[in-house]
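S.K.: structure_39.cif is the file, holding mmCIF, N, CA and C atoms:
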```
data_upload
#
loop_
_atom_site.label_atom_id
_atom_site.label_comp_id
_atom_site.auth_asym_id
_atom_site.auth_seq_id
_atom_site.Cartn_x
_atom_site.Cartn_y
_atom_site.Cartn_z
N MET M 25 68.80 66.21 82.03
CA MET M 25 68.18 66.18 83.35
C MET M 25 66.71 65.77 83.21
N ILE M 26 66.27 64.95 84.13
CA ILE M 26 64.89 64.50 84.18
C ILE M 26 64.29 65.04 85.48
N LYS M 27 63.16 65.71 85.37
CA LYS M 27 62.48 66.24 86.55
C LYS M 27 61.41 65.25 87.01
N SER M 28 61.48 64.91 88.29
CA SER M 28 60.47 64.02 88.86
C SER M 28 59.51 64.83 89.73
N LYS M 29 58.35 64.24 89.95
CA LYS M 29 57.34 64.92 90.78
C LYS M 29 57.56 64.66 92.25
N SER M 30 57.90 63.42 92.59
CA SER M 30 58.12 63.03 93.98
C SER M 30 58.15 61.52 94.06
N GLU M 31 58.13 61.02 95.27
CA GLU M 31 58.15 59.58 95.53
C GLU M 31 57.14 58.82 94.67
N ASN M 32 57.58 57.70 94.11
CA ASN M 32 56.78 56.79 93.28
C ASN M 32 56.53 57.30 91.87
N ASP M 33 57.16 58.39 91.48
CA ASP M 33 57.06 58.85 90.10
C ASP M 33 57.90 57.90 89.24
N ILE M 34 57.29 57.32 88.24
CA ILE M 34 57.98 56.42 87.31
C ILE M 34 57.94 57.08 85.95
N ILE M 35 59.13 57.31 85.38
CA ILE M 35 59.23 58.08 84.14
C ILE M 35 59.85 57.21 83.05
N ASP M 36 59.14 57.06 81.95
CA ASP M 36 59.64 56.31 80.80
C ASP M 36 60.69 57.15 80.08
N ILE M 37 61.93 56.65 80.04
CA ILE M 37 63.01 57.37 79.38
C ILE M 37 63.53 56.62 78.16
N THR M 38 62.78 55.64 77.70
CA THR M 38 63.20 54.80 76.58
C THR M 38 63.46 55.60 75.32
N ASP M 39 62.54 56.48 74.93
CA ASP M 39 62.71 57.23 73.68
C ASP M 39 63.94 58.11 73.70
N GLN M 40 64.19 58.79 74.83
CA GLN M 40 65.37 59.65 74.92
C GLN M 40 66.65 58.83 74.75
N ILE M 41 66.71 57.68 75.40
CA ILE M 41 67.90 56.84 75.31
C ILE M 41 68.05 56.27 73.91
N SER M 42 66.95 55.82 73.35
CA SER M 42 66.97 55.27 71.99
C SER M 42 67.49 56.29 70.99
N ASN M 43 67.05 57.53 71.11
CA ASN M 43 67.50 58.58 70.20
C ASN M 43 69.00 58.85 70.33
N ILE M 44 69.49 58.86 71.54
CA ILE M 44 70.92 59.08 71.76
C ILE M 44 71.73 57.92 71.19
N VAL M 45 71.24 56.70 71.37
CA VAL M 45 71.93 55.53 70.82
C VAL M 45 71.98 55.62 69.29
N LYS M 46 70.88 56.00 68.67
CA LYS M 46 70.86 56.14 67.20
C LYS M 46 71.85 57.21 66.74
N GLU M 47 71.90 58.32 67.45
CA GLU M 47 72.83 59.40 67.09
C GLU M 47 74.28 59.00 67.27
N SER M 48 74.55 58.03 68.13
CA SER M 48 75.93 57.61 68.40
C SER M 48 76.54 56.84 67.22
N LEU M 49 75.70 56.30 66.36
CA LEU M 49 76.11 55.49 65.21
C LEU M 49 76.76 54.16 65.62
N ILE M 50 76.62 53.77 66.88
CA ILE M 50 77.09 52.45 67.30
C ILE M 50 76.10 51.42 66.77
N GLU M 51 76.61 50.44 66.05
CA GLU M 51 75.75 49.40 65.47
C GLU M 51 75.56 48.23 66.42
N ASN M 52 76.64 47.81 67.05
CA ASN M 52 76.57 46.66 67.94
C ASN M 52 77.42 46.93 69.16
N GLY M 53 76.83 46.77 70.33
CA GLY M 53 77.53 47.04 71.58
C GLY M 53 76.58 47.04 72.74
N ALA M 54 76.74 48.02 73.62
CA ALA M 54 75.88 48.12 74.80
C ALA M 54 75.85 49.56 75.29
N VAL M 55 74.78 49.90 75.96
CA VAL M 55 74.68 51.19 76.63
C VAL M 55 74.40 50.93 78.11
N ILE M 56 75.15 51.63 78.94
CA ILE M 56 74.90 51.61 80.37
C ILE M 56 74.11 52.87 80.70
N VAL M 57 72.99 52.70 81.38
CA VAL M 57 72.14 53.81 81.81
C VAL M 57 72.28 53.90 83.33
N PHE M 58 72.71 55.08 83.82
CA PHE M 58 73.01 55.25 85.24
C PHE M 58 72.36 56.52 85.74
N VAL M 59 71.72 56.47 86.90
CA VAL M 59 71.17 57.67 87.52
C VAL M 59 72.09 58.06 88.68
N ALA M 60 72.52 59.31 88.68
CA ALA M 60 73.37 59.82 89.75
C ALA M 60 72.46 60.24 90.91
N GLY M 61 72.56 59.56 92.01
CA GLY M 61 71.74 59.87 93.18
C GLY M 61 71.41 58.60 93.93
N SER M 62 71.27 58.72 95.23
CA SER M 62 71.06 57.53 96.06
C SER M 62 69.60 57.28 96.43
N THR M 63 68.69 58.06 95.84
CA THR M 63 67.26 57.84 96.12
C THR M 63 66.45 57.72 94.83
N ALA M 64 67.10 57.25 93.77
CA ALA M 64 66.42 56.98 92.51
C ALA M 64 67.00 55.71 91.93
N ALA M 65 66.29 55.11 90.99
CA ALA M 65 66.75 53.85 90.41
C ALA M 65 66.39 53.80 88.92
N ILE M 66 67.07 52.91 88.23
CA ILE M 66 66.81 52.63 86.81
C ILE M 66 66.47 51.16 86.69
N THR M 67 65.42 50.86 85.94
CA THR M 67 65.05 49.46 85.69
C THR M 67 64.25 49.39 84.39
N THR M 68 63.77 48.20 84.09
CA THR M 68 62.86 48.04 82.96
C THR M 68 61.53 47.54 83.49
N MET M 69 60.48 47.85 82.76
CA MET M 69 59.15 47.35 83.08
C MET M 69 58.24 47.59 81.89
N GLU M 70 57.09 47.00 81.92
CA GLU M 70 56.05 47.38 80.97
C GLU M 70 55.42 48.64 81.55
N PHE M 71 55.61 49.76 80.86
CA PHE M 71 55.17 51.05 81.37
C PHE M 71 53.67 51.21 81.12
N GLU M 72 52.90 50.67 82.03
CA GLU M 72 51.44 50.74 81.92
C GLU M 72 50.87 51.03 83.30
N PRO M 73 49.64 51.56 83.37
CA PRO M 73 49.08 52.02 84.65
C PRO M 73 49.08 50.98 85.76
N GLY M 74 48.81 49.73 85.44
CA GLY M 74 48.77 48.70 86.48
C GLY M 74 50.11 48.53 87.16
N LEU M 75 51.18 48.40 86.36
CA LEU M 75 52.51 48.23 86.94
C LEU M 75 53.01 49.51 87.58
N GLN M 76 52.58 50.66 87.08
CA GLN M 76 52.97 51.92 87.70
C GLN M 76 52.38 52.03 89.11
N LYS M 77 51.34 51.29 89.36
CA LYS M 77 50.74 51.22 90.70
C LYS M 77 51.36 50.07 91.50
N ASP M 78 51.52 48.91 90.84
CA ASP M 78 52.02 47.71 91.52
C ASP M 78 53.46 47.84 92.00
N PHE M 79 54.32 48.46 91.19
CA PHE M 79 55.74 48.52 91.52
C PHE M 79 56.00 49.30 92.81
N PRO M 80 55.47 50.52 92.96
CA PRO M 80 55.66 51.23 94.24
C PRO M 80 55.03 50.50 95.42
N GLU M 81 53.90 49.82 95.20
CA GLU M 81 53.28 49.07 96.29
C GLU M 81 54.17 47.92 96.73
N MET M 82 54.84 47.27 95.77
CA MET M 82 55.77 46.19 96.11
C MET M 82 56.94 46.76 96.93
N LEU M 83 57.48 47.90 96.50
CA LEU M 83 58.58 48.51 97.23
C LEU M 83 58.17 48.90 98.65
N SER M 84 56.94 49.36 98.81
CA SER M 84 56.49 49.77 100.15
C SER M 84 56.32 48.56 101.07
N ARG M 85 56.05 47.39 100.50
CA ARG M 85 55.99 46.17 101.32
C ARG M 85 57.40 45.75 101.75
N LEU M 86 58.39 45.93 100.86
CA LEU M 86 59.76 45.53 101.17
C LEU M 86 60.44 46.51 102.13
N ALA M 87 60.20 47.79 101.94
CA ALA M 87 60.83 48.82 102.78
C ALA M 87 59.75 49.84 103.15
N PRO M 88 58.91 49.53 104.14
CA PRO M 88 57.82 50.42 104.52
C PRO M 88 58.31 51.79 104.99
N LYS M 89 57.53 52.79 104.65
CA LYS M 89 57.85 54.16 105.02
C LYS M 89 57.86 54.36 106.53
N ASP M 90 57.00 53.63 107.24
CA ASP M 90 56.85 53.85 108.67
C ASP M 90 57.81 53.01 109.53
N ASN M 91 58.73 52.27 108.91
CA ASN M 91 59.77 51.58 109.69
C ASN M 91 60.73 52.61 110.27
N GLU M 92 61.48 52.19 111.27
CA GLU M 92 62.54 53.05 111.80
C GLU M 92 63.80 52.78 111.00
N TYR M 93 64.41 53.84 110.49
CA TYR M 93 65.63 53.72 109.70
C TYR M 93 66.73 54.52 110.39
N ALA M 94 67.91 53.92 110.53
CA ALA M 94 69.04 54.59 111.14
C ALA M 94 69.41 55.85 110.36
N HIS M 95 69.20 55.82 109.04
CA HIS M 95 69.47 57.00 108.22
C HIS M 95 68.67 58.21 108.73
N ASP M 96 67.41 57.98 109.02
CA ASP M 96 66.56 59.08 109.50
C ASP M 96 67.03 59.59 110.87
N ALA M 97 67.49 58.70 111.71
CA ALA M 97 67.99 59.11 113.02
C ALA M 97 69.26 59.95 112.87
N THR M 98 70.03 59.66 111.84
CA THR M 98 71.27 60.41 111.60
C THR M 98 70.99 61.75 110.94
N TRP M 99 70.18 61.75 109.91
CA TRP M 99 70.00 62.95 109.08
C TRP M 99 68.67 63.67 109.30
N HIS M 100 67.70 63.02 109.92
CA HIS M 100 66.39 63.63 110.23
C HIS M 100 65.69 64.16 108.97
N ASP M 101 65.86 63.46 107.84
CA ASP M 101 65.24 63.93 106.61
C ASP M 101 64.06 63.06 106.14
N GLY M 102 63.77 62.00 106.88
CA GLY M 102 62.57 61.21 106.60
C GLY M 102 62.59 60.42 105.32
N ASN M 103 63.77 60.17 104.75
CA ASN M 103 63.79 59.43 103.50
C ASN M 103 64.67 58.17 103.57
N GLY M 104 64.80 57.61 104.76
CA GLY M 104 65.56 56.37 104.91
C GLY M 104 64.99 55.27 104.03
N HIS M 105 63.66 55.18 103.98
CA HIS M 105 63.02 54.17 103.14
C HIS M 105 63.36 54.39 101.66
N SER M 106 63.53 55.64 101.26
CA SER M 106 63.87 55.96 99.86
C SER M 106 65.24 55.41 99.50
N HIS M 107 66.19 55.55 100.40
CA HIS M 107 67.53 55.03 100.17
C HIS M 107 67.52 53.51 100.07
N VAL M 108 66.80 52.86 100.96
CA VAL M 108 66.74 51.40 100.96
C VAL M 108 66.08 50.91 99.67
N ARG M 109 64.97 51.51 99.29
CA ARG M 109 64.27 51.10 98.06
C ARG M 109 65.15 51.28 96.82
N ALA M 110 65.83 52.43 96.74
CA ALA M 110 66.69 52.69 95.59
C ALA M 110 67.83 51.67 95.54
N SER M 111 68.36 51.31 96.69
CA SER M 111 69.43 50.32 96.73
C SER M 111 68.96 48.95 96.27
N LEU M 112 67.73 48.62 96.59
CA LEU M 112 67.18 47.32 96.16
C LEU M 112 67.07 47.23 94.64
N VAL M 113 66.61 48.28 94.00
CA VAL M 113 66.41 48.26 92.55
C VAL M 113 67.73 48.52 91.82
N GLY M 114 68.48 49.48 92.28
CA GLY M 114 69.79 49.76 91.70
C GLY M 114 69.81 50.97 90.78
N PRO M 115 70.98 51.60 90.64
CA PRO M 115 71.10 52.84 89.89
C PRO M 115 71.40 52.68 88.40
N ASN M 116 71.61 51.42 87.95
CA ASN M 116 72.02 51.29 86.55
C ASN M 116 71.46 50.05 85.87
N LEU M 117 71.58 50.09 84.55
CA LEU M 117 71.05 49.04 83.70
C LEU M 117 71.92 49.00 82.45
N THR M 118 72.23 47.81 81.96
CA THR M 118 72.96 47.67 80.71
C THR M 118 72.02 47.07 79.67
N VAL M 119 71.95 47.71 78.50
CA VAL M 119 71.07 47.24 77.43
C VAL M 119 71.92 47.00 76.18
N PRO M 120 71.80 45.82 75.57
CA PRO M 120 72.54 45.56 74.34
C PRO M 120 72.04 46.45 73.19
N ILE M 121 72.99 46.83 72.33
CA ILE M 121 72.66 47.54 71.09
C ILE M 121 72.94 46.56 69.95
N VAL M 122 71.93 46.28 69.16
CA VAL M 122 72.07 45.38 68.02
C VAL M 122 71.51 46.09 66.79
N ASN M 123 72.32 46.15 65.75
CA ASN M 123 71.94 46.83 64.51
C ASN M 123 71.49 48.27 64.76
N GLY M 124 72.17 48.94 65.68
CA GLY M 124 71.90 50.35 65.95
C GLY M 124 70.69 50.64 66.81
N HIS M 125 70.07 49.59 67.39
CA HIS M 125 68.85 49.78 68.18
C HIS M 125 68.99 49.11 69.54
N LEU M 126 68.30 49.67 70.53
CA LEU M 126 68.22 49.03 71.84
C LEU M 126 67.54 47.68 71.68
N THR M 127 68.05 46.68 72.39
CA THR M 127 67.44 45.35 72.34
C THR M 127 66.53 45.21 73.55
N LEU M 128 65.28 45.61 73.37
CA LEU M 128 64.27 45.52 74.43
C LEU M 128 63.12 44.65 73.95
N GLY M 129 62.42 44.03 74.88
CA GLY M 129 61.24 43.25 74.53
C GLY M 129 60.12 44.17 74.06
N THR M 130 59.13 43.59 73.44
CA THR M 130 58.01 44.34 72.89
C THR M 130 57.36 45.26 73.91
N TRP M 131 57.20 44.78 75.13
CA TRP M 131 56.51 45.56 76.16
C TRP M 131 57.46 46.05 77.24
N GLN M 132 58.73 46.19 76.90
CA GLN M 132 59.75 46.54 77.89
C GLN M 132 60.26 47.95 77.64
N GLN M 133 60.14 48.80 78.66
CA GLN M 133 60.64 50.16 78.59
C GLN M 133 61.67 50.38 79.69
N ILE M 134 62.55 51.35 79.46
CA ILE M 134 63.53 51.76 80.47
C ILE M 134 62.90 52.89 81.28
N VAL M 135 62.93 52.75 82.60
CA VAL M 135 62.28 53.76 83.44
C VAL M 135 63.20 54.24 84.55
N LEU M 136 63.00 55.50 84.90
CA LEU M 136 63.58 56.10 86.09
C LEU M 136 62.51 56.01 87.17
N VAL M 137 62.88 55.49 88.33
CA VAL M 137 61.93 55.40 89.45
C VAL M 137 62.42 56.35 90.54
N GLU M 138 61.61 57.37 90.80
CA GLU M 138 61.94 58.33 91.86
C GLU M 138 61.46 57.76 93.18
N MET M 139 62.34 57.77 94.17
CA MET M 139 61.98 57.24 95.48
C MET M 139 62.13 58.25 96.59
N ASP M 140 62.65 59.45 96.27
CA ASP M 140 62.79 60.47 97.29
C ASP M 140 61.42 61.08 97.60
N THR M 141 61.33 61.75 98.72
CA THR M 141 60.06 62.27 99.22
C THR M 141 59.70 63.64 98.66
N LYS M 142 60.52 64.15 97.74
CA LYS M 142 60.26 65.47 97.17
C LYS M 142 60.65 65.47 95.69
N PRO M 143 60.18 66.45 94.94
CA PRO M 143 60.57 66.54 93.52
C PRO M 143 62.09 66.68 93.40
N ARG M 144 62.63 66.07 92.36
CA ARG M 144 64.08 66.11 92.15
C ARG M 144 64.38 66.32 90.67
N GLU M 145 65.58 66.79 90.40
CA GLU M 145 66.12 66.84 89.05
C GLU M 145 67.19 65.78 88.99
N ARG M 146 67.02 64.81 88.12
CA ARG M 146 67.91 63.66 88.07
C ARG M 146 68.81 63.70 86.83
N LYS M 147 70.08 63.48 87.07
CA LYS M 147 71.05 63.41 85.98
C LYS M 147 71.19 61.95 85.56
N ILE M 148 70.92 61.69 84.29
CA ILE M 148 71.07 60.35 83.73
C ILE M 148 72.36 60.35 82.92
N ILE M 149 73.22 59.40 83.20
CA ILE M 149 74.50 59.28 82.50
C ILE M 149 74.45 58.04 81.63
N LEU M 150 74.81 58.20 80.36
CA LEU M 150 74.87 57.07 79.44
C LEU M 150 76.32 56.84 79.05
N GLN M 151 76.71 55.58 79.03
CA GLN M 151 78.03 55.24 78.51
C GLN M 151 77.82 54.11 77.50
N MET M 152 78.28 54.36 76.28
CA MET M 152 78.09 53.38 75.20
C MET M 152 79.43 52.80 74.79
N MET M 153 79.39 51.52 74.47
CA MET M 153 80.56 50.80 73.99
C MET M 153 80.15 50.00 72.77
N GLY M 154 81.02 49.89 71.84
CA GLY M 154 80.72 49.07 70.67
C GLY M 154 81.33 49.60 69.41
N GLU M 155 80.85 49.07 68.32
CA GLU M 155 81.38 49.49 67.02
C GLU M 155 80.27 49.81 66.05
#
```
For the file at hand, write its structure as structure tokens.
M.R.:
Amino acid sequence: MIKSKSENDIIDITDQISNIVKESLIENGAVIVFVAGSTAAITTMEFEPGLQKDFPEMLSRLAPKDNEYAHDATWHDGNGHSHVRASLVGPNLTVPIVNGHLTLGTWQQIVLVEMDTKPRERKIILQMMGE
């Protein structure tokens, strides 16, 4: 479980995933990283302060918080924008495993992006395939 602080919290989960991949003893294959929940997403980015600011700002331009969302009219929970943003980025990512290691670029990390309006505990599911 990964605990988030609230909306726009971006958490680097690369080391945790890398360690699990190493423990699996899979040399060549792939790992699917999936977050269970409709208001969080998984992606890759260079995990640095500038992008940690730029990424949420980009999402707010695409799905502004102050728009009217049918979800909010139905559920009255004020997180319609969170659902839309999470859907845009997506809940999963597939990363190749080569020689027992994640195949990521030098400046590329796997991140969980929290989009809900309150702190959450997120379940990350990994599924590995290979030999």
S.K.: With 8 Å as the threshold, what does the neighbourhood of (73.4, 44.5, 74.3) contain in terms of residues, counting all atoms listed in the file? Coordinates are those of the file; answer as a list in words.
M.R.: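 Applying the cut-off with all atoms listed in the file, one gets Asn52, Gly53, Ala54, Val55, Thr118, Val119, Pro120, Ile121, Val122, His125, Leu126 and Thr127 of chain M.
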S.K.: On this structure, the PyMOL selection byres ((chain M and resi 143) around 5) would catch which residues? List them as a ChimeraX atom specification, sorted by chain and number.
M.R.: /M:28-30,141-142,144-145
S.K.: Show me, as number ranges by chain, the residues that have an atom within 9 Å of segment 100-112 of chain M when counting only C-alpha atoms, minus same-chain residues fewer than 4 positions from it.
M.R.: M: 31, 62-66, 83-84, 86-96, 137-141
S.K.: Keeping only N, CA and C atoms, write the selected residues to a file as a CSV table (one decimal), in the coordinates of the input.
M.R.:
```csv
chain,number,residue,atom,x,y,z
M,31,GLU,N,58.1,61.0,95.3
M,31,GLU,CA,58.2,59.6,95.5
M,31,GLU,C,57.1,58.8,94.7
M,62,SER,N,71.3,58.7,95.2
M,62,SER,CA,71.1,57.5,96.1
M,62,SER,C,69.6,57.3,96.4
M,63,THR,N,68.7,58.1,95.8
M,63,THR,CA,67.3,57.8,96.1
M,63,THR,C,66.4,57.7,94.8
M,64,ALA,N,67.1,57.2,93.8
M,64,ALA,CA,66.4,57.0,92.5
M,64,ALA,C,67.0,55.7,91.9
M,65,ALA,N,66.3,55.1,91.0
M,65,ALA,CA,66.8,53.8,90.4
M,65,ALA,C,66.4,53.8,88.9
M,66,ILE,N,67.1,52.9,88.2
M,66,ILE,CA,66.8,52.6,86.8
M,66,ILE,C,66.5,51.2,86.7
M,83,LEU,N,57.5,47.9,96.5
M,83,LEU,CA,58.6,48.5,97.2
M,83,LEU,C,58.2,48.9,98.6
M,84,SER,N,56.9,49.4,98.8
M,84,SER,CA,56.5,49.8,100.2
M,84,SER,C,56.3,48.6,101.1
M,86,LEU,N,58.4,45.9,100.9
M,86,LEU,CA,59.8,45.5,101.2
M,86,LEU,C,60.4,46.5,102.1
M,87,ALA,N,60.2,47.8,101.9
M,87,ALA,CA,60.8,48.8,102.8
M,87,ALA,C,59.8,49.8,103.2
M,88,PRO,N,58.9,49.5,104.1
M,88,PRO,CA,57.8,50.4,104.5
M,88,PRO,C,58.3,51.8,105.0
M,89,LYS,N,57.5,52.8,104.6
M,89,LYS,CA,57.8,54.2,105.0
M,89,LYS,C,57.9,54.4,106.5
M,90,ASP,N,57.0,53.6,107.2
M,90,ASP,CA,56.8,53.8,108.7
M,90,ASP,C,57.8,53.0,109.5
M,91,ASN,N,58.7,52.3,108.9
M,91,ASN,CA,59.8,51.6,109.7
M,91,ASN,C,60.7,52.6,110.3
M,92,GLU,N,61.5,52.2,111.3
M,92,GLU,CA,62.5,53.0,111.8
M,92,GLU,C,63.8,52.8,111.0
M,93,TYR,N,64.4,53.8,110.5
M,93,TYR,CA,65.6,53.7,109.7
M,93,TYR,C,66.7,54.5,110.4
M,94,ALA,N,67.9,53.9,110.5
M,94,ALA,CA,69.0,54.6,111.1
M,94,ALA,C,69.4,55.8,110.4
M,95,HIS,N,69.2,55.8,109.0
M,95,HIS,CA,69.5,57.0,108.2
M,95,HIS,C,68.7,58.2,108.7
M,96,ASP,N,67.4,58.0,109.0
M,96,ASP,CA,66.6,59.1,109.5
M,96,ASP,C,67.0,59.6,110.9
M,137,VAL,N,62.9,55.5,88.3
M,137,VAL,CA,61.9,55.4,89.4
M,137,VAL,C,62.4,56.4,90.5
M,138,GLU,N,61.6,57.4,90.8
M,138,GLU,CA,61.9,58.3,91.9
M,138,GLU,C,61.5,57.8,93.2
M,139,MET,N,62.3,57.8,94.2
M,139,MET,CA,62.0,57.2,95.5
M,139,MET,C,62.1,58.2,96.6
M,140,ASP,N,62.6,59.4,96.3
M,140,ASP,CA,62.8,60.5,97.3
M,140,ASP,C,61.4,61.1,97.6
M,141,THR,N,61.3,61.8,98.7
M,141,THR,CA,60.1,62.3,99.2
M,141,THR,C,59.7,63.6,98.7
```
S.K.: I'd like to know which residues of chain M are strand (DSSP E or B) (by DSSP, run on the backbone); could you write them as a VMD selection string?
M.R.: chain M and resid 26 to 27 34 to 36 53 to 60 64 to 69 116 to 122 125 to 126 133 to 138 145 to 154
S.K.: Can you tell me how far atom CA of Ile148 of chain M sits from atom CA of Arg85 of chain M, in Å to one decimal?
M.R.: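 A separation of 27.2 Å between them.
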S.K.: Report, as lines of an AutoDock Vina configuration file, the axis-aligned box around all atoms of segment 97-115 of chain M present in the file, extended by 5 Å on each side; give centre and edge lengths in Å to one decimal place.
M.R.:
```
center_x = 67.0
center_y = 55.7
center_z = 100.7
size_x = 18.8
size_y = 26.9
size_z = 34.6
```
S.K.: Which residue gives the smallest distance to Phe79 of chain M among M:Asn32, M:Gln132, M:Gln40, M:Lys147, with all atoms listed in the file counted?
M.R.: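 So, comparing all the options, the nearest one is M:Asn32.
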S.K.: Could you write out as an mmCIF file with N, CA and C atoms, keeping the file's coordinate frame the residues that the PyMOL selection byres ((chain M and resi 35) around 8) matches in the shown file?
M.R.:
```
data_model
loop_
_atom_site.group_PDB
_atom_site.id
_atom_site.type_symbol
_atom_site.label_atom_id
_atom_site.label_comp_id
_atom_site.auth_asym_id
_atom_site.auth_seq_id
_atom_site.Cartn_x
_atom_site.Cartn_y
_atom_site.Cartn_z
ATOM 1 N N SER M 28 61.480 64.910 88.290
ATOM 2 C CA SER M 28 60.470 64.020 88.860
ATOM 3 C C SER M 28 59.510 64.830 89.730
ATOM 4 N N ASN M 32 57.580 57.700 94.110
ATOM 5 C CA ASN M 32 56.780 56.790 93.280
ATOM 6 C C ASN M 32 56.530 57.300 91.870
ATOM 7 N N ASP M 33 57.160 58.390 91.480
ATOM 8 C CA ASP M 33 57.060 58.850 90.100
ATOM 9 C C ASP M 33 57.900 57.900 89.240
ATOM 10 N N ILE M 34 57.290 57.320 88.240
ATOM 11 C CA ILE M 34 57.980 56.420 87.310
ATOM 12 C C ILE M 34 57.940 57.080 85.950
ATOM 13 N N ASP M 36 59.140 57.060 81.950
ATOM 14 C CA ASP M 36 59.640 56.310 80.800
ATOM 15 C C ASP M 36 60.690 57.150 80.080
ATOM 16 N N ILE M 37 61.930 56.650 80.040
ATOM 17 C CA ILE M 37 63.010 57.370 79.380
ATOM 18 C C ILE M 37 63.530 56.620 78.160
ATOM 19 N N THR M 38 62.780 55.640 77.700
ATOM 20 C CA THR M 38 63.200 54.800 76.580
ATOM 21 C C THR M 38 63.460 55.600 75.320
ATOM 22 N N PHE M 71 55.610 49.760 80.860
ATOM 23 C CA PHE M 71 55.170 51.050 81.370
ATOM 24 C C PHE M 71 53.670 51.210 81.120
ATOM 25 N N GLN M 133 60.140 48.800 78.660
ATOM 26 C CA GLN M 133 60.640 50.160 78.590
ATOM 27 C C GLN M 133 61.670 50.380 79.690
ATOM 28 N N ILE M 134 62.550 51.350 79.460
ATOM 29 C CA ILE M 134 63.530 51.760 80.470
ATOM 30 C C ILE M 134 62.900 52.890 81.280
ATOM 31 N N VAL M 135 62.930 52.750 82.600
ATOM 32 C CA VAL M 135 62.280 53.760 83.440
ATOM 33 C C VAL M 135 63.200 54.240 84.550
ATOM 34 N N LEU M 136 63.000 55.500 84.900
ATOM 35 C CA LEU M 136 63.580 56.100 86.090
ATOM 36 C C LEU M 136 62.510 56.010 87.170
ATOM 37 N N VAL M 137 62.880 55.490 88.330
ATOM 38 C CA VAL M 137 61.930 55.400 89.450
ATOM 39 C C VAL M 137 62.420 56.350 90.540
ATOM 40 N N GLU M 138 61.610 57.370 90.800
ATOM 41 C CA GLU M 138 61.940 58.330 91.860
ATOM 42 C C GLU M 138 61.460 57.760 93.180
#
```
S.K.: Contacts of Leu49 of chain M at 7 Å or less, counting all atoms listed in the file, minus same-chain residues fewer than 5 places along, as a list in words?
M.R.: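 My reading of the contact set: Ile44, Gly124 and Glu155 of chain M.
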S.K.: Tell me, which residues of segment 38-139 of chain M carry DSSP helix (DSSP H, G or I), written as a PyMOL selection string?
M.R.: chain M and resi 38-48+73-86+94-99+104-113
S.K.: Which residue, M:Thr98, M:Ser48, M:Thr68, M:Asn43, has the smallest gap to Gly129 of chain M when you use only C-alpha atoms?
M.R.: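 Ranked by minimum distance to Gly129 of chain M, first place goes to M:Thr68.
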